[in-house]
>>> print(open('start29.cif').read())   # mmCIF, C-alpha atoms and all ligand atoms
data_input
loop_
_atom_site.label_atom_id
_atom_site.label_comp_id
_atom_site.auth_asym_id
_atom_site.auth_seq_id
_atom_site.Cartn_x
_atom_site.Cartn_y
_atom_site.Cartn_z
CA MET A 1 147.85 110.14 105.02
CA THR A 2 150.24 111.41 102.41
CA VAL A 3 153.88 110.47 102.82
CA ARG A 4 156.23 112.35 100.52
CA LEU A 5 158.95 110.57 98.61
CA ARG A 6 161.98 112.80 98.19
CA THR A 7 163.44 113.89 94.86
CA ARG A 8 167.20 113.64 94.23
CA ASP A 9 167.51 117.36 94.75
CA GLU A 10 165.65 117.20 98.09
CA ILE A 11 167.78 114.23 99.18
CA GLU A 12 170.96 116.19 98.50
CA LYS A 13 169.64 119.07 100.64
CA MET A 14 168.65 116.65 103.42
CA ARG A 15 172.16 115.13 103.35
CA THR A 16 173.63 118.57 103.84
CA ALA A 17 171.24 119.50 106.67
CA GLY A 18 171.83 116.13 108.34
CA ARG A 19 175.61 116.43 108.22
CA LEU A 20 175.46 119.95 109.67
CA ALA A 21 173.16 118.86 112.53
CA ALA A 22 175.61 116.03 113.34
CA GLN A 23 178.46 118.55 113.43
CA VAL A 24 176.69 120.48 116.20
CA LEU A 25 176.57 117.36 118.40
CA GLU A 26 180.27 116.75 117.66
CA MET A 27 181.17 120.35 118.50
CA ILE A 28 179.31 120.59 121.82
CA GLY A 29 180.69 117.42 123.47
CA GLU A 30 183.76 119.03 125.01
CA TYR A 31 181.60 121.69 126.70
CA VAL A 32 179.32 119.26 128.55
CA ASN A 33 181.05 119.52 131.95
CA PRO A 34 180.19 120.03 135.62
CA GLY A 35 179.36 123.67 136.42
CA VAL A 36 178.08 124.43 132.91
CA THR A 37 174.48 125.62 132.60
CA THR A 38 172.20 124.28 129.89
CA GLU A 39 171.72 127.90 128.82
CA GLN A 40 175.47 128.13 128.10
CA LEU A 41 175.23 124.98 125.97
CA ASP A 42 172.31 126.55 124.10
CA LYS A 43 174.27 129.73 123.40
CA ARG A 44 177.29 127.81 122.08
CA CYS A 45 175.10 125.71 119.80
CA HIS A 46 173.05 128.70 118.67
CA ASP A 47 176.12 130.74 117.74
CA PHE A 48 177.74 127.76 115.97
CA ILE A 49 174.55 126.96 114.03
CA VAL A 50 173.97 130.57 112.96
CA ASN A 51 177.51 131.91 112.51
CA ASP A 52 179.63 128.89 111.55
CA LEU A 53 177.09 126.73 109.73
CA ALA A 54 174.84 129.51 108.37
CA CYS A 55 171.78 127.48 109.38
CA ILE A 56 168.55 128.25 111.23
CA PRO A 57 168.00 126.51 114.60
CA ALA A 58 164.56 124.97 114.01
CA PRO A 59 163.42 124.78 117.67
CA LEU A 60 163.72 128.56 118.25
CA ASN A 61 160.18 129.97 118.33
CA TYR A 62 158.79 126.64 117.10
CA SER A 63 155.27 125.65 118.08
CA ASN A 64 153.45 122.53 117.03
CA ALA A 65 150.09 122.68 118.75
CA PRO A 66 147.60 125.51 119.12
CA GLY A 67 147.94 127.10 122.55
CA GLN A 68 151.49 125.85 122.97
CA PRO A 69 153.89 128.74 123.58
CA PRO A 70 156.78 128.95 121.11
CA PHE A 71 159.92 127.07 122.21
CA PRO A 72 162.22 129.81 123.52
CA LYS A 73 165.65 128.29 122.79
CA SER A 74 167.69 126.81 119.93
CA ILE A 75 168.30 123.29 121.26
CA CYS A 76 166.63 120.92 123.72
CA THR A 77 168.61 119.88 126.82
CA SER A 78 167.02 117.03 128.77
CA VAL A 79 168.82 116.14 132.01
CA ASN A 80 168.33 112.87 133.99
CA HIS A 81 164.56 112.33 134.50
CA VAL A 82 163.67 114.80 131.74
CA VAL A 83 162.42 112.68 128.84
CA CYS A 84 162.53 115.29 126.06
CA HIS A 85 162.09 118.97 125.15
CA GLY A 86 163.99 120.30 128.16
CA ILE A 87 164.36 124.07 127.88
CA PRO A 88 167.91 125.39 128.36
CA THR A 89 168.09 127.69 131.38
CA GLU A 90 170.64 129.52 133.51
CA ARG A 91 168.97 127.78 136.49
CA LYS A 92 170.15 124.29 135.43
CA THR A 93 173.81 123.66 136.19
CA LEU A 94 175.25 120.28 135.22
CA LYS A 95 176.84 118.24 137.99
CA LEU A 96 178.98 115.10 138.15
CA GLY A 97 176.93 111.98 137.44
CA ASP A 98 174.29 113.70 135.29
CA VAL A 99 173.23 112.34 131.92
CA VAL A 100 171.98 114.85 129.37
CA ASN A 101 170.38 114.56 125.96
CA ILE A 102 171.13 117.36 123.52
CA ASP A 103 168.69 117.50 120.61
CA VAL A 104 169.64 119.61 117.61
CA THR A 105 167.56 120.46 114.56
CA VAL A 106 168.94 122.73 111.85
CA ILE A 107 167.37 124.10 108.70
CA LYS A 108 169.64 124.54 105.68
CA ASP A 109 168.27 125.63 102.33
CA GLY A 110 164.73 124.90 103.57
CA PHE A 111 165.45 121.32 104.72
CA HIS A 112 165.78 119.88 108.23
CA GLY A 113 168.32 117.64 109.94
CA ASP A 114 167.24 116.38 113.40
CA THR A 115 169.47 114.38 115.74
CA SER A 116 170.23 113.90 119.41
CA LYS A 117 172.68 112.05 121.61
CA MET A 118 173.33 111.39 125.30
CA TYR A 119 176.32 112.91 127.10
CA PHE A 120 177.79 111.91 130.45
CA VAL A 121 178.91 114.51 132.98
CA GLY A 122 181.79 112.70 134.67
CA GLN A 123 180.99 109.10 135.51
CA PRO A 124 177.31 108.24 135.76
CA SER A 125 175.82 105.37 137.74
CA VAL A 126 175.98 101.82 136.39
CA LEU A 127 172.21 102.04 135.78
CA ALA A 128 172.56 105.28 133.80
CA GLN A 129 175.35 103.80 131.69
CA ARG A 130 173.26 100.73 130.94
CA LEU A 131 170.14 102.76 130.11
CA VAL A 132 172.06 105.04 127.74
CA LYS A 133 173.75 102.08 126.02
CA VAL A 134 170.54 100.07 125.63
CA THR A 135 168.71 103.13 124.28
CA GLN A 136 171.38 103.66 121.61
CA GLU A 137 171.12 99.97 120.73
CA CYS A 138 167.35 100.45 120.42
CA LEU A 139 167.94 103.23 117.88
CA TYR A 140 170.36 101.08 115.87
CA ARG A 141 168.04 98.05 115.99
CA GLY A 142 165.22 100.25 114.74
CA ILE A 143 167.40 101.55 111.92
CA ARG A 144 168.30 98.00 110.90
CA GLN A 145 164.61 97.25 110.24
CA VAL A 146 164.44 100.01 107.63
CA HIS A 147 164.20 98.77 104.04
CA PRO A 148 161.61 99.00 101.26
CA GLY A 149 158.80 96.52 101.86
CA ALA A 150 159.21 96.43 105.64
CA HIS A 151 156.53 98.04 107.81
CA LEU A 152 156.74 100.80 110.38
CA GLY A 153 155.63 98.30 113.03
CA ASP A 154 158.87 96.38 112.43
CA ILE A 155 160.84 99.39 113.67
CA GLY A 156 158.67 99.85 116.76
CA HIS A 157 158.75 96.16 117.57
CA ALA A 158 162.55 95.92 117.38
CA ILE A 159 162.91 98.89 119.72
CA GLN A 160 160.29 97.74 122.22
CA GLN A 161 161.61 94.19 122.28
CA HIS A 162 165.16 95.29 123.10
CA ALA A 163 164.09 97.85 125.71
CA GLU A 164 161.79 95.45 127.53
CA ALA A 165 164.27 92.56 127.33
CA ASN A 166 166.49 94.83 129.44
CA ARG A 167 163.63 95.62 131.87
CA PHE A 168 163.29 99.17 130.60
CA THR A 169 160.12 100.82 129.23
CA VAL A 170 159.23 102.70 126.03
CA VAL A 171 157.65 106.18 126.15
CA ARG A 172 154.51 106.17 124.00
CA GLU A 173 153.38 109.79 123.99
CA PHE A 174 156.17 110.96 121.67
CA CYS A 175 157.45 109.41 118.48
CA GLY A 176 159.68 109.82 115.46
CA HIS A 177 158.34 111.70 112.46
CA GLY A 178 158.56 112.36 108.78
CA ILE A 179 160.97 115.22 108.11
CA GLY A 180 162.05 117.30 105.14
CA ASP A 181 160.86 120.79 104.27
CA ARG A 182 158.73 120.41 107.41
CA PHE A 183 160.14 119.75 110.89
CA HIS A 184 157.39 117.31 111.93
CA ASP A 185 155.62 115.63 109.03
CA GLU A 186 153.79 112.37 108.41
CA PRO A 187 154.22 109.52 109.12
CA GLN A 188 154.51 109.03 112.88
CA ILE A 189 157.26 106.55 113.78
CA LEU A 190 156.17 104.74 116.93
CA HIS A 191 158.86 103.18 119.10
CA TYR A 192 156.66 100.21 120.00
CA GLY A 193 154.52 97.93 117.86
CA ARG A 194 154.09 94.64 116.12
CA PRO A 195 155.97 93.21 113.11
CA GLY A 196 154.26 93.58 109.74
CA VAL A 197 151.81 96.19 111.01
CA GLY A 198 151.54 99.79 109.84
CA LEU A 199 152.59 101.69 106.76
CA GLU A 200 154.86 99.96 104.26
CA ILE A 201 158.28 101.57 104.05
CA GLN A 202 159.26 102.91 100.61
CA SER A 203 162.50 104.09 99.09
CA GLY A 204 162.71 107.90 99.22
CA MET A 205 161.00 108.36 102.58
CA THR A 206 162.79 110.50 105.14
CA PHE A 207 161.95 110.23 108.82
CA THR A 208 163.46 110.25 112.28
CA ILE A 209 163.77 107.42 114.77
CA GLU A 210 164.18 108.76 118.32
CA PRO A 211 163.36 106.25 121.05
CA MET A 212 162.82 107.57 124.59
CA ILE A 213 163.49 104.73 127.05
CA ASN A 214 162.80 104.89 130.80
CA ALA A 215 164.54 103.10 133.65
CA GLY A 216 161.25 102.96 135.59
CA LYS A 217 157.65 103.08 134.40
CA ARG A 218 156.83 104.37 130.92
CA HIS A 219 154.48 107.14 132.08
CA VAL A 220 155.39 110.78 131.60
CA LYS A 221 154.00 114.17 132.54
CA LEU A 222 154.20 117.61 130.98
CA LEU A 223 155.49 120.44 133.18
CA PRO A 224 153.56 123.74 133.41
CA ASP A 225 156.01 125.36 130.95
CA HIS A 226 154.10 123.36 128.27
CA TRP A 227 157.32 121.83 126.91
CA THR A 228 159.40 119.91 129.43
CA VAL A 229 158.42 116.22 129.59
CA VAL A 230 159.52 114.26 132.68
CA THR A 231 159.05 110.71 133.90
CA LYS A 232 156.15 110.46 136.36
CA ASP A 233 158.24 108.41 138.78
CA HIS A 234 161.26 110.76 138.35
CA LYS A 235 163.47 107.84 137.31
CA LEU A 236 166.01 108.25 134.52
CA SER A 237 165.15 108.51 130.85
CA ALA A 238 167.41 108.40 127.76
CA GLN A 239 166.99 109.23 124.08
CA TRP A 240 169.00 109.01 120.86
CA GLU A 241 167.84 110.28 117.45
CA HIS A 242 168.84 110.07 113.82
CA THR A 243 167.33 111.34 110.58
CA ILE A 244 167.02 108.46 108.08
CA LEU A 245 166.62 108.17 104.31
CA VAL A 246 165.14 104.94 102.99
CA THR A 247 167.15 103.67 100.02
CA ASP A 248 166.78 100.53 97.89
CA ARG A 249 169.43 98.93 100.10
CA GLY A 250 168.10 99.97 103.51
CA ALA A 251 168.65 103.00 105.71
CA GLU A 252 171.04 105.83 105.03
CA VAL A 253 171.71 107.67 108.30
CA MET A 254 171.79 111.31 107.28
CA THR A 255 172.95 112.56 110.70
CA LEU A 256 175.80 110.06 111.22
CA ARG A 257 178.69 111.37 113.35
CA ASP A 258 182.37 110.53 112.77
CA GLU A 259 182.46 108.58 116.06
CA GLU A 260 179.79 106.21 114.65
CA LYS A 261 181.49 105.53 111.35
CA GLU A 262 183.79 102.71 112.51
CA ALA A 263 180.95 100.98 114.39
N1 LIG B 1 163.94 117.90 118.07
C1 LIG B 1 162.71 117.41 118.63
C2 LIG B 1 162.34 116.19 117.83
O1 LIG B 1 163.14 115.34 117.75
C3 LIG B 1 161.61 118.39 118.60
C4 LIG B 1 161.86 119.55 119.45
S1 LIG B 1 160.58 120.66 119.25
C5 LIG B 1 161.16 121.95 120.13
O2 LIG B 1 161.35 116.06 117.20
F1 LIG B 1 160.41 122.94 119.83
F2 LIG B 1 161.15 121.64 121.39
F3 LIG B 1 162.38 122.17 119.77
CO CO B 2 162.74 114.50 115.86
CO CO B 3 165.11 116.02 117.68
#
>>> encode(input="start29.cif", output="structure tokens")
Amino acid sequence: MTVRLRTRDEIEKMRTAGRLAAQVLEMIGEYVNPGVTTEQLDKRCHDFIVNDLACIPAPLNYSNAPGQPPFPKSICTSVNHVVCHGIPTERKTLKLGDVVNIDVTVIKDGFHGDTSKMYFVGQPSVLAQRLVKVTQECLYRGIRQVHPGAHLGDIGHAIQQHAEANRFTVVREFCGHGIGDRFHDEPQILHYGRPGVGLEIQSGMTFTIEPMINAGKRHVKLLPDHWTVVTKDHKLSAQWEHTILVTDRGAEVMTLRDEEKEA
């Protein structure tokens, strides 16, 4: 396995891409309302990414595996029991009580910024609120493990420990990933694991952390569209994602939003 360490020039480009991806999540929040279709959210994000930010939406026409049809939209919208990679559609209208993950990846100057957050449509159930909060804490606890000399298993362990302490489960079939000039690069960042195990983390690595945490069992299934991943038991799932640079001092969150800066 070859894990690239980024040059100063590449890091500057990743910072730009990361900031722009974060801006999309900030922009779209006010449009996540009852009666809105996920297709309408996709169009708003697409137009903003292309026209206002002069970026390329990385998901559009993206395919990772042979035989997998290209992803037909510019963002992923994953509602309630959808774990990840939900395809925006005019057939999905948001309603009060829904929780939705919007996952944005932009390419600027050849480099990627990848980030997602959960949105509430009106007031969700107490369970949904707790799941979304714990999942964001899992992301932050994972990020806190990031420093040179630590191991990838430290990240996974911190996430798994916090999820399971709250009687939630960690999805294992999908993981974080190296990112840079490629969308999905080495290494894989598992959201479960054991301390001290796995690749040693080095300054200059760039990767995502994007835990998917389920309210019920951890098992998932792929829908016939070859993209949409749902929980097998149809219970709720949540996800948050950031793109991270490893520095000598720890993690620099390249996709940080203004709302996170005080925290
Ligand atoms: N943004 C997702 C991730 O975090 C990947 C989506 S691939 C797509 O890795 F094709 F569905 F967009
Ligand atoms: Co990602
Ligand atoms: Co993503």
>>> closest_atom_pairs(input="start29.cif", of="chain A", to="ligand CO 3 (chain B)", cutoff="10 Å", atoms="all atoms listed in the file", output="CSV")
residue,atom,partner,partner_atom,distance
A:Ala21,CA,B:CO3,CO,10.0
A:Ala58,CA,B:CO3,CO,9.7
A:Pro59,CA,B:CO3,CO,8.9
A:Ile75,CA,B:CO3,CO,8.7
A:Cys76,CA,B:CO3,CO,7.9
A:Cys84,CA,B:CO3,CO,8.8
A:His85,CA,B:CO3,CO,8.6
A:Asn101,CA,B:CO3,CO,9.9
A:Ile102,CA,B:CO3,CO,8.5
A:Asp103,CA,B:CO3,CO,4.9
A:Val104,CA,B:CO3,CO,5.8
A:Thr105,CA,B:CO3,CO,6.0
A:Val106,CA,B:CO3,CO,9.7
A:Gly113,CA,B:CO3,CO,8.5
A:Asp114,CA,B:CO3,CO,4.8
A:Thr115,CA,B:CO3,CO,5.0
A:Ser116,CA,B:CO3,CO,5.8
A:Lys117,CA,B:CO3,CO,9.4
A:Gly176,CA,B:CO3,CO,8.5
A:His177,CA,B:CO3,CO,9.6
A:Phe183,CA,B:CO3,CO,9.2
A:His184,CA,B:CO3,CO,9.7
A:Thr208,CA,B:CO3,CO,8.1
A:Ile209,CA,B:CO3,CO,9.2
A:Glu210,CA,B:CO3,CO,7.3
A:Gln239,CA,B:CO3,CO,9.5
A:Trp240,CA,B:CO3,CO,8.6
A:Glu241,CA,B:CO3,CO,6.4
A:His242,CA,B:CO3,CO,8.0
A:Thr243,CA,B:CO3,CO,8.8
>>> residues_around(input="start29.cif", residues="region 11-14 of chain A", least_positions_apart="4", cutoff="12 Å", atoms="only C-alpha atoms", output="short mmCIF file (atom, residue, chain, number, x, y, z; two decimals) with C-alpha atoms, in the coordinates of the input")
data_model
loop_
_atom_site.label_atom_id
_atom_site.label_comp_id
_atom_site.auth_asym_id
_atom_site.auth_seq_id
_atom_site.Cartn_x
_atom_site.Cartn_y
_atom_site.Cartn_z
CA ARG A 4 156.23 112.35 100.52
CA LEU A 5 158.95 110.57 98.61
CA ARG A 6 161.98 112.80 98.19
CA THR A 7 163.44 113.89 94.86
CA GLY A 18 171.83 116.13 108.34
CA ARG A 19 175.61 116.43 108.22
CA LEU A 20 175.46 119.95 109.67
CA ALA A 21 173.16 118.86 112.53
CA THR A 105 167.56 120.46 114.56
CA VAL A 106 168.94 122.73 111.85
CA ILE A 107 167.37 124.10 108.70
CA LYS A 108 169.64 124.54 105.68
CA ASP A 109 168.27 125.63 102.33
CA GLY A 110 164.73 124.90 103.57
CA PHE A 111 165.45 121.32 104.72
CA HIS A 112 165.78 119.88 108.23
CA GLY A 113 168.32 117.64 109.94
CA ASP A 114 167.24 116.38 113.40
CA ILE A 179 160.97 115.22 108.11
CA GLY A 180 162.05 117.30 105.14
CA ASP A 181 160.86 120.79 104.27
CA ARG A 182 158.73 120.41 107.41
CA PHE A 183 160.14 119.75 110.89
CA SER A 203 162.50 104.09 99.09
CA GLY A 204 162.71 107.90 99.22
CA MET A 205 161.00 108.36 102.58
CA THR A 206 162.79 110.50 105.14
CA PHE A 207 161.95 110.23 108.82
CA THR A 243 167.33 111.34 110.58
CA ILE A 244 167.02 108.46 108.08
CA LEU A 245 166.62 108.17 104.31
CA VAL A 246 165.14 104.94 102.99
CA THR A 247 167.15 103.67 100.02
CA GLU A 252 171.04 105.83 105.03
CA VAL A 253 171.71 107.67 108.30
CA MET A 254 171.79 111.31 107.28
CA THR A 255 172.95 112.56 110.70
#
>>> atom_distance(input="start29.cif", atom1="CA of Val100 (chain A)", atom2="CA of Asp154 (chain A)")
28.3 Å
>>> atom_distance(input="start29.cif", atom1="CA of Glu164 (chain A)", atom2="CA of Gly178 (chain A)")
25.5 Å
>>> atom_distance(input="start29.cif", atom1="CA of Lys221 (chain A)", atom2="CA of Val24 (chain A)")
28.7 Å
>>> residues_around(input="start29.cif", residues="Gly149 (chain A)", least_positions_apart="2", cutoff="9 Å", atoms="all atoms listed in the file", output="count of residues only")
7
>>> closest_residue(input="start29.cif", among="A:Leu60, A:Leu190, A:Val50, A:Ala17", to="ligand LIG 1 (chain B)", atoms="only C-alpha atoms and all ligand atoms")
A:Leu60
>>> residues_around(input="start29.cif", residues="Gly153 (chain A)", least_positions_apart="4", cutoff="8 Å", atoms="only C-alpha atoms", output="list in words")
His157, Leu190, Tyr192, Gly193, Arg194, Pro195, Gly196, Val197, Gly198 and Leu199 of chain A
>>> residues_around(input="start29.cif", residues="Ile28 (chain A)", least_positions_apart="3", cutoff="8 Å", atoms="all atoms listed in the file", output="ChimeraX atom specification")
/A:24-25,31-32,41,44-45
>>> closest_residue(input="start29.cif", among="A:Ile87, A:Leu223, A:Leu127, A:Val121", to="Ser74 (chain A)", atoms="only C-alpha atoms")
A:Ile87
>>> residues_around(input="start29.cif", residues="Met212 (chain A)", least_positions_apart="2", cutoff="7 Å", atoms="all atoms listed in the file", output="mmCIF file with C-alpha atoms, keeping the file's coordinate frame")
data_model
loop_
_atom_site.group_PDB
_atom_site.id
_atom_site.type_symbol
_atom_site.label_atom_id
_atom_site.label_comp_id
_atom_site.auth_asym_id
_atom_site.auth_seq_id
_atom_site.Cartn_x
_atom_site.Cartn_y
_atom_site.Cartn_z
ATOM 1 C CA VAL A 83 162.420 112.680 128.840
ATOM 2 C CA VAL A 170 159.230 102.700 126.030
ATOM 3 C CA VAL A 171 157.650 106.180 126.150
ATOM 4 C CA GLU A 210 164.180 108.760 118.320
ATOM 5 C CA ASN A 214 162.800 104.890 130.800
ATOM 6 C CA SER A 237 165.150 108.510 130.850
ATOM 7 C CA ALA A 238 167.410 108.400 127.760
ATOM 8 C CA GLN A 239 166.990 109.230 124.080
#
>>> axis_aligned_box(input="start29.cif", around="region 21-33 of chain A", padding_each_side="5 Å", output="lines of an AutoDock Vina configuration file")
center_x = 178.5
center_y = 118.9
center_z = 122.2
size_x = 20.6
size_y = 15.7
size_z = 29.4
>>> closest_residue(input="start29.cif", among="A:Ile159, A:Lys235, A:Phe174, A:Asp42", to="ligand CO 2 (chain B)", atoms="all atoms listed in the file")
A:Phe174
>>> closest_residue(input="start29.cif", among="A:Lys95, A:Leu139, A:Asp185, A:Ala215", to="Phe168 (chain A)", atoms="all atoms listed in the file")
A:Ala215
>>> closest_residue(input="start29.cif", among="A:Val230, A:Ile189, A:Leu94, A:Val36", to="ligand CO 2 (chain B)", atoms="all atoms listed in the file")
A:Ile189
>>> closest_residue(input="start29.cif", among="A:Ala158, A:Cys175, A:Ile213, A:Cys55", to="ligand CO 2 (chain B)", atoms="all atoms listed in the file")
A:Cys175
>>> build_atoms(input="start29.cif", residues="region 171-194 of chain A", atoms="N, CA and C atoms", output="mmCIF file, in the frame of the given file")
data_model
loop_
_atom_site.group_PDB
_atom_site.id
_atom_site.type_symbol
_atom_site.label_atom_id
_atom_site.label_comp_id
_atom_site.auth_asym_id
_atom_site.auth_seq_id
_atom_site.Cartn_x
_atom_site.Cartn_y
_atom_site.Cartn_z
ATOM 1 N N VAL A 171 158.585 105.045 126.095
ATOM 2 C CA VAL A 171 157.650 106.180 126.150
ATOM 3 C C VAL A 171 156.761 106.158 124.912
ATOM 4 N N ARG A 172 155.453 106.305 125.118
ATOM 5 C CA ARG A 172 154.510 106.170 124.000
ATOM 6 C C ARG A 172 153.929 107.484 123.516
ATOM 7 N N GLU A 173 154.036 108.520 124.326
ATOM 8 C CA GLU A 173 153.380 109.790 123.990
ATOM 9 C C GLU A 173 154.118 110.580 122.926
ATOM 10 N N PHE A 174 155.382 110.245 122.670
ATOM 11 C CA PHE A 174 156.170 110.960 121.670
ATOM 12 C C PHE A 174 156.805 109.951 120.742
ATOM 13 N N CYS A 175 157.005 110.367 119.494
ATOM 14 C CA CYS A 175 157.450 109.410 118.480
ATOM 15 C C CYS A 175 158.368 110.086 117.479
ATOM 16 N N GLY A 176 158.963 109.270 116.594
ATOM 17 C CA GLY A 176 159.680 109.820 115.460
ATOM 18 C C GLY A 176 158.677 110.365 114.443
ATOM 19 N N HIS A 177 159.206 110.946 113.361
ATOM 20 C CA HIS A 177 158.340 111.700 112.460
ATOM 21 C C HIS A 177 158.965 111.834 111.083
ATOM 22 N N GLY A 178 158.092 111.943 110.083
ATOM 23 C CA GLY A 178 158.560 112.360 108.780
ATOM 24 C C GLY A 178 159.228 113.711 108.901
ATOM 25 N N ILE A 179 160.219 113.962 108.031
ATOM 26 C CA ILE A 179 160.970 115.220 108.110
ATOM 27 C C ILE A 179 161.478 115.583 106.724
ATOM 28 N N GLY A 180 161.573 116.855 106.451
ATOM 29 C CA GLY A 180 162.050 117.300 105.140
ATOM 30 C C GLY A 180 161.966 118.809 105.092
ATOM 31 N N ASP A 181 161.086 119.337 104.242
ATOM 32 C CA ASP A 181 160.860 120.790 104.270
ATOM 33 C C ASP A 181 160.070 121.163 105.522
ATOM 34 N N ARG A 182 159.366 120.192 106.105
ATOM 35 C CA ARG A 182 158.730 120.410 107.410
ATOM 36 C C ARG A 182 159.523 119.713 108.496
ATOM 37 N N PHE A 183 159.449 120.296 109.713
ATOM 38 C CA PHE A 183 160.140 119.750 110.890
ATOM 39 C C PHE A 183 159.454 118.427 111.287
ATOM 40 N N HIS A 184 158.144 118.499 111.499
ATOM 41 C CA HIS A 184 157.390 117.310 111.930
ATOM 42 C C HIS A 184 156.311 117.022 110.896
ATOM 43 N N ASP A 185 156.513 115.980 110.128
ATOM 44 C CA ASP A 185 155.620 115.630 109.030
ATOM 45 C C ASP A 185 155.100 114.211 109.250
ATOM 46 N N GLU A 186 154.214 113.769 108.394
ATOM 47 C CA GLU A 186 153.790 112.370 108.410
ATOM 48 C C GLU A 186 154.891 111.521 107.774
ATOM 49 N N PRO A 187 155.026 110.265 108.148
ATOM 50 C CA PRO A 187 154.220 109.520 109.120
ATOM 51 C C PRO A 187 154.791 109.650 110.537
ATOM 52 N N GLN A 188 153.994 109.201 111.522
ATOM 53 C CA GLN A 188 154.510 109.030 112.880
ATOM 54 C C GLN A 188 155.291 107.714 112.949
ATOM 55 N N ILE A 189 156.435 107.761 113.614
ATOM 56 C CA ILE A 189 157.260 106.550 113.780
ATOM 57 C C ILE A 189 157.181 106.137 115.250
ATOM 58 N N LEU A 190 156.319 105.185 115.544
ATOM 59 C CA LEU A 190 156.170 104.740 116.930
ATOM 60 C C LEU A 190 157.360 103.879 117.330
ATOM 61 N N HIS A 191 157.720 103.958 118.609
ATOM 62 C CA HIS A 191 158.860 103.180 119.100
ATOM 63 C C HIS A 191 158.415 101.897 119.806
ATOM 64 N N TYR A 192 157.181 101.492 119.515
ATOM 65 C CA TYR A 192 156.660 100.210 120.000
ATOM 66 C C TYR A 192 155.741 99.706 118.888
ATOM 67 N N GLY A 193 155.421 98.423 118.900
ATOM 68 C CA GLY A 193 154.520 97.930 117.860
ATOM 69 C C GLY A 193 154.703 96.455 117.585
ATOM 70 N N ARG A 194 154.057 96.042 116.490
ATOM 71 C CA ARG A 194 154.090 94.640 116.120
ATOM 72 C C ARG A 194 154.614 94.481 114.699
#
